[in-house]
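As provided, query-v4.pdb (PDB, C-alpha atoms, pLDDT in the B column) reads as follows.
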```pdb
ATOM      1  CA  MET O  20      52.912 117.472  59.892  1.00 66.00           C
ATOM      2  CA  MET O  21      56.135 117.248  57.921  1.00 70.00           C
ATOM      3  CA  LYS O  22      57.867 119.902  60.042  1.00 84.00           C
ATOM      4  CA  ARG O  23      56.983 117.971  63.180  1.00 85.00           C
ATOM      5  CA  LEU O  24      58.416 114.756  61.736  1.00 84.00           C
ATOM      6  CA  GLU O  25      61.592 116.604  60.788  1.00 89.00           C
ATOM      7  CA  LYS O  26      61.978 117.896  64.347  1.00 87.00           C
ATOM      8  CA  VAL O  27      61.450 114.401  65.790  1.00 84.00           C
ATOM      9  CA  PHE O  28      63.950 112.959  63.326  1.00 84.00           C
ATOM     10  CA  ILE O  29      66.553 115.601  64.162  1.00 86.00           C
ATOM     11  CA  ALA O  30      66.038 115.013  67.887  1.00 83.00           C
ATOM     12  CA  LEU O  31      66.487 111.263  67.421  1.00 81.00           C
ATOM     13  CA  CYS O  32      69.651 111.829  65.387  1.00 77.00           C
ATOM     14  CA  ALA O  33      71.025 114.072  68.124  1.00 77.00           C
ATOM     15  CA  ILE O  34      70.307 111.443  70.773  1.00 82.00           C
ATOM     16  CA  ALA O  35      71.950 108.756  68.657  1.00 76.00           C
ATOM     17  CA  ALA O  36      75.030 110.958  68.163  1.00 71.00           C
ATOM     18  CA  VAL O  37      75.382 111.599  71.896  1.00 70.00           C
ATOM     19  CA  GLN O  38      75.100 107.876  72.623  1.00 72.00           C
ATOM     20  CA  ALA O  39      77.665 107.048  69.927  1.00 65.00           C
ATOM     21  CA  ILE O  40      80.103 109.551  71.419  1.00 63.00           C
ATOM     22  CA  SER O  41      79.687 108.145  74.930  1.00 60.00           C
ATOM     23  CA  VAL O  42      80.187 104.584  73.639  1.00 56.00           C
ATOM     24  CA  ALA O  43      83.297 105.697  71.767  1.00 53.00           C
ATOM     25  CA  ASP O  44      84.632 107.368  74.918  1.00 53.00           C
ATOM     26  CA  ALA O  45      84.028 104.197  76.906  1.00 49.00           C
ATOM     27  CA  HIS O  46      85.987 102.159  74.388  1.00 51.00           C
ATOM     28  CA  ALA O  47      88.715 104.770  74.222  1.00 63.00           C
ATOM     29  CA  ASN O  48      89.289 104.781  77.988  1.00 85.00           C
ATOM     30  CA  PRO O  49      88.360 101.511  79.696  1.00 88.00           C
ATOM     31  CA  ALA O  50      90.164 102.619  82.874  1.00 92.00           C
ATOM     32  CA  LEU O  51      87.935 105.652  83.316  1.00 91.00           C
ATOM     33  CA  THR O  52      84.842 103.636  82.445  1.00 91.00           C
ATOM     34  CA  LEU O  53      85.644 101.022  85.103  1.00 93.00           C
ATOM     35  CA  LEU O  54      86.371 103.730  87.633  1.00 94.00           C
ATOM     36  CA  GLN O  55      83.044 105.432  86.945  1.00 93.00           C
ATOM     37  CA  GLN O  56      81.147 102.144  87.160  1.00 94.00           C
ATOM     38  CA  LEU O  57      82.791 100.648  90.236  1.00 96.00           C
ATOM     39  CA  ASP O  58      83.982 103.552  92.427  1.00 96.00           C
ATOM     40  CA  THR O  59      80.882 103.656  94.606  1.00 96.00           C
ATOM     41  CA  ASN O  60      82.392 105.901  97.302  1.00 97.00           C
ATOM     42  CA  LYS O  61      83.749 108.329  94.652  1.00 95.00           C
ATOM     43  CA  ASP O  62      87.269 108.503  96.085  1.00 97.00           C
ATOM     44  CA  GLY O  63      88.864 108.083  92.652  1.00 96.00           C
ATOM     45  CA  LEU O  64      90.033 104.542  93.425  1.00 97.00           C
ATOM     46  CA  ILE O  65      88.606 101.047  93.132  1.00 97.00           C
ATOM     47  CA  SER O  66      88.989  99.058  96.322  1.00 97.00           C
ATOM     48  CA  LEU O  67      88.862  95.279  96.489  1.00 95.00           C
ATOM     49  CA  LYS O  68      85.376  95.582  97.982  1.00 96.00           C
ATOM     50  CA  GLU O  69      84.245  97.671  94.992  1.00 97.00           C
ATOM     51  CA  ALA O  70      85.962  95.364  92.478  1.00 96.00           C
ATOM     52  CA  VAL O  71      83.918  92.313  93.506  1.00 95.00           C
ATOM     53  CA  ARG O  72      81.164  93.582  91.195  1.00 94.00           C
ATOM     54  CA  HIS O  73      83.428  92.931  88.160  1.00 94.00           C
ATOM     55  CA  THR O  74      84.762  89.371  87.905  1.00 93.00           C
ATOM     56  CA  GLY O  75      87.260  90.180  85.136  1.00 92.00           C
ATOM     57  CA  LEU O  76      88.839  92.977  87.148  1.00 95.00           C
ATOM     58  CA  LEU O  77      88.727  91.068  90.418  1.00 95.00           C
ATOM     59  CA  ARG O  78      90.577  88.132  88.857  1.00 95.00           C
ATOM     60  CA  ASN O  79      93.681  90.284  88.192  1.00 96.00           C
ATOM     61  CA  PHE O  80      93.278  92.880  90.942  1.00 97.00           C
ATOM     62  CA  GLY O  81      96.587  92.077  92.670  1.00 96.00           C
ATOM     63  CA  LEU O  82      98.532  92.101  89.406  1.00 96.00           C
ATOM     64  CA  ILE O  83      97.101  95.462  88.320  1.00 97.00           C
ATOM     65  CA  ASP O  84      97.719  97.032  91.768  1.00 97.00           C
ATOM     66  CA  ASP O  85     101.329  98.152  91.101  1.00 96.00           C
ATOM     67  CA  ASN O  86     101.904  99.949  94.397  1.00 97.00           C
ATOM     68  CA  GLU O  87     100.168  97.185  96.376  1.00 96.00           C
ATOM     69  CA  ASP O  88      97.999  99.595  98.340  1.00 97.00           C
ATOM     70  CA  GLY O  89      94.874  97.488  97.899  1.00 97.00           C
ATOM     71  CA  LYS O  90      93.281 100.039  95.563  1.00 97.00           C
ATOM     72  CA  LEU O  91      93.354 100.596  91.823  1.00 97.00           C
ATOM     73  CA  SER O  92      93.924 104.103  90.490  1.00 96.00           C
ATOM     74  CA  GLU O  93      93.001 105.246  87.003  1.00 94.00           C
ATOM     75  CA  SER O  94      96.686 105.244  86.016  1.00 94.00           C
ATOM     76  CA  GLU O  95      97.179 101.666  87.274  1.00 96.00           C
ATOM     77  CA  LEU O  96      94.101 100.573  85.349  1.00 95.00           C
ATOM     78  CA  ALA O  97      95.165 102.468  82.216  1.00 93.00           C
ATOM     79  CA  LYS O  98      98.662 100.991  81.959  1.00 94.00           C
ATOM     80  CA  SER O  99      97.870  97.339  82.644  1.00 94.00           C
ATOM     81  CA  LYS O 100      97.140  94.862  79.845  1.00 93.00           C
ATOM     82  CA  LEU O 101      95.183  92.890  82.450  1.00 94.00           C
ATOM     83  CA  THR O 102      92.566  95.627  82.862  1.00 93.00           C
ATOM     84  CA  PRO O 103      89.394  94.525  81.054  1.00 92.00           C
ATOM     85  CA  GLY O 104      89.233  96.552  77.840  1.00 88.00           C
ATOM     86  CA  ASN O 105      93.006  97.105  77.652  1.00 85.00           C
ATOM     87  CA  GLU O 106      93.780  93.804  75.935  1.00 78.00           C
ATOM     88  CA  ASN O 107      95.221  95.624  72.911  1.00 70.00           C
ATOM     89  CA  LEU O 108      97.900  97.517  74.843  1.00 67.00           C
ATOM     90  CA  THR O 109     101.443  96.809  73.728  1.00 61.00           C
ATOM     91  CA  ALA O 110     104.440  96.530  76.023  1.00 51.00           C
ATOM     92  CA  SER O 111     105.630 100.002  74.960  1.00 44.00           C
ATOM     93  CA  GLU O 112     102.434 101.732  76.075  1.00 42.00           C
TER      94      GLU O 112
END
```

Structure rendered as C-alpha cells:
Amino acid sequence: MMKRLEKVFIALCAIAAVQAISVADAHANPALTLLQQLDTNKDGLISLKEAVRHTGLLRNFGLIDDNEDGKLSESELAKSKLTPGNENLTASE
C-alpha cells in the first residue's frame, strides 16, 4: 500500500513540476505565448482577425505592428511594451 502511495505522490509531483515549468515559460515569453494562443492558421503571425480574441492585444495592434503589414510577428510582439505581458520591458530592451 505504501509503495503505491509513493508512486502516486511521485507522479503528482512530476505533473506539478511540468505545469510549473510551462507556466514559467509562458511568463518568460509572453510573445510566444500569445502567438501560440492566437495564431489559428499557424503561419507564425497574428493577423487582425486572429487578434480580435484578445482585447488587450487588439487595443494596441497598430502600435505594435512596426512594419505596418497588418500582422504581428513574434519579434514585434517581443520588443513592444504594449504587448500584454511585456509591461516590464525597459526602453533599452

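Taking atom CA of Gly75 of chain O and atom CA of Gly89 of chain O as the two end points, the separation is 16.6 Å.
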
* To do: Could you check how far atom CA of Asn107 of chain O sits from atom CA of Thr59 of chain O, in Å to one decimal?
  =>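 If I compute the distance from atom CA of Asn107 of chain O to atom CA of Thr59 of chain O, I get 27.2 Å.
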
* To do: In Å, rounded to a single decimal, give me how far atom CA of Leu76 of chain O is from atom CA of Thr102 of chain O.
  =>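 Atom CA of Leu76 of chain O lies at a distance of 6.3 Å from atom CA of Thr102 of chain O.
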
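When all atoms listed in the file are used to compute distances to Gly63 of chain O, the closest of the residues O:Leu101, O:Asn79, O:Gln38, O:Lys90 turns out to be O:Lys90.
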
Test item: residues at most 9 Å from Ser99 of chain O, only C-alpha atoms, excluding those fewer than 5 positions along its chain, as a CSV table (one decimal) with C-alpha atoms, in the coordinates of the input:
```
chain,number,residue,atom,x,y,z
O,82,LEU,CA,98.5,92.1,89.4
O,83,ILE,CA,97.1,95.5,88.3
O,94,SER,CA,96.7,105.2,86.0
O,105,ASN,CA,93.0,97.1,77.7
O,106,GLU,CA,93.8,93.8,75.9
O,108,LEU,CA,97.9,97.5,74.8
```

* Residues at most 10 Å from Gln55 of chain O, counting only C-alpha atoms, excluding those fewer than 5 positions away in the same chain, as a PyMOL selection string? -> chain O and resi 49-50+61+63-65+93

The residues within 12 Å of (87.8, 97.1, 100.3), using all atoms listed in the file and the coordinates of the file, should be reported as a PDB file with C-alpha atoms, in the coordinates of the input; which are they?
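After the write, point26.pdb holds the following:
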```pdb
ATOM      1  CA  LEU O  57      82.791 100.648  90.236  1.00 96.00           C
ATOM      2  CA  ASP O  58      83.982 103.552  92.427  1.00 96.00           C
ATOM      3  CA  THR O  59      80.882 103.656  94.606  1.00 96.00           C
ATOM      4  CA  ASN O  60      82.392 105.901  97.302  1.00 97.00           C
ATOM      5  CA  LEU O  64      90.033 104.542  93.425  1.00 97.00           C
ATOM      6  CA  ILE O  65      88.606 101.047  93.132  1.00 97.00           C
ATOM      7  CA  SER O  66      88.989  99.058  96.322  1.00 97.00           C
ATOM      8  CA  LEU O  67      88.862  95.279  96.489  1.00 95.00           C
ATOM      9  CA  LYS O  68      85.376  95.582  97.982  1.00 96.00           C
ATOM     10  CA  GLU O  69      84.245  97.671  94.992  1.00 97.00           C
ATOM     11  CA  ALA O  70      85.962  95.364  92.478  1.00 96.00           C
ATOM     12  CA  VAL O  71      83.918  92.313  93.506  1.00 95.00           C
ATOM     13  CA  ARG O  72      81.164  93.582  91.195  1.00 94.00           C
ATOM     14  CA  LEU O  77      88.727  91.068  90.418  1.00 95.00           C
ATOM     15  CA  PHE O  80      93.278  92.880  90.942  1.00 97.00           C
ATOM     16  CA  ASP O  88      97.999  99.595  98.340  1.00 97.00           C
ATOM     17  CA  GLY O  89      94.874  97.488  97.899  1.00 97.00           C
ATOM     18  CA  LYS O  90      93.281 100.039  95.563  1.00 97.00           C
ATOM     19  CA  LEU O  91      93.354 100.596  91.823  1.00 97.00           C
TER      20      LEU O  91
END
```

* Asked: With distances taken over only C-alpha atoms, which of O:Pro103, O:Asp62, O:Leu54, O:Ser92 is nearest to Arg78 of chain O?
  ->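 So, comparing all the options, the nearest one is O:Pro103.
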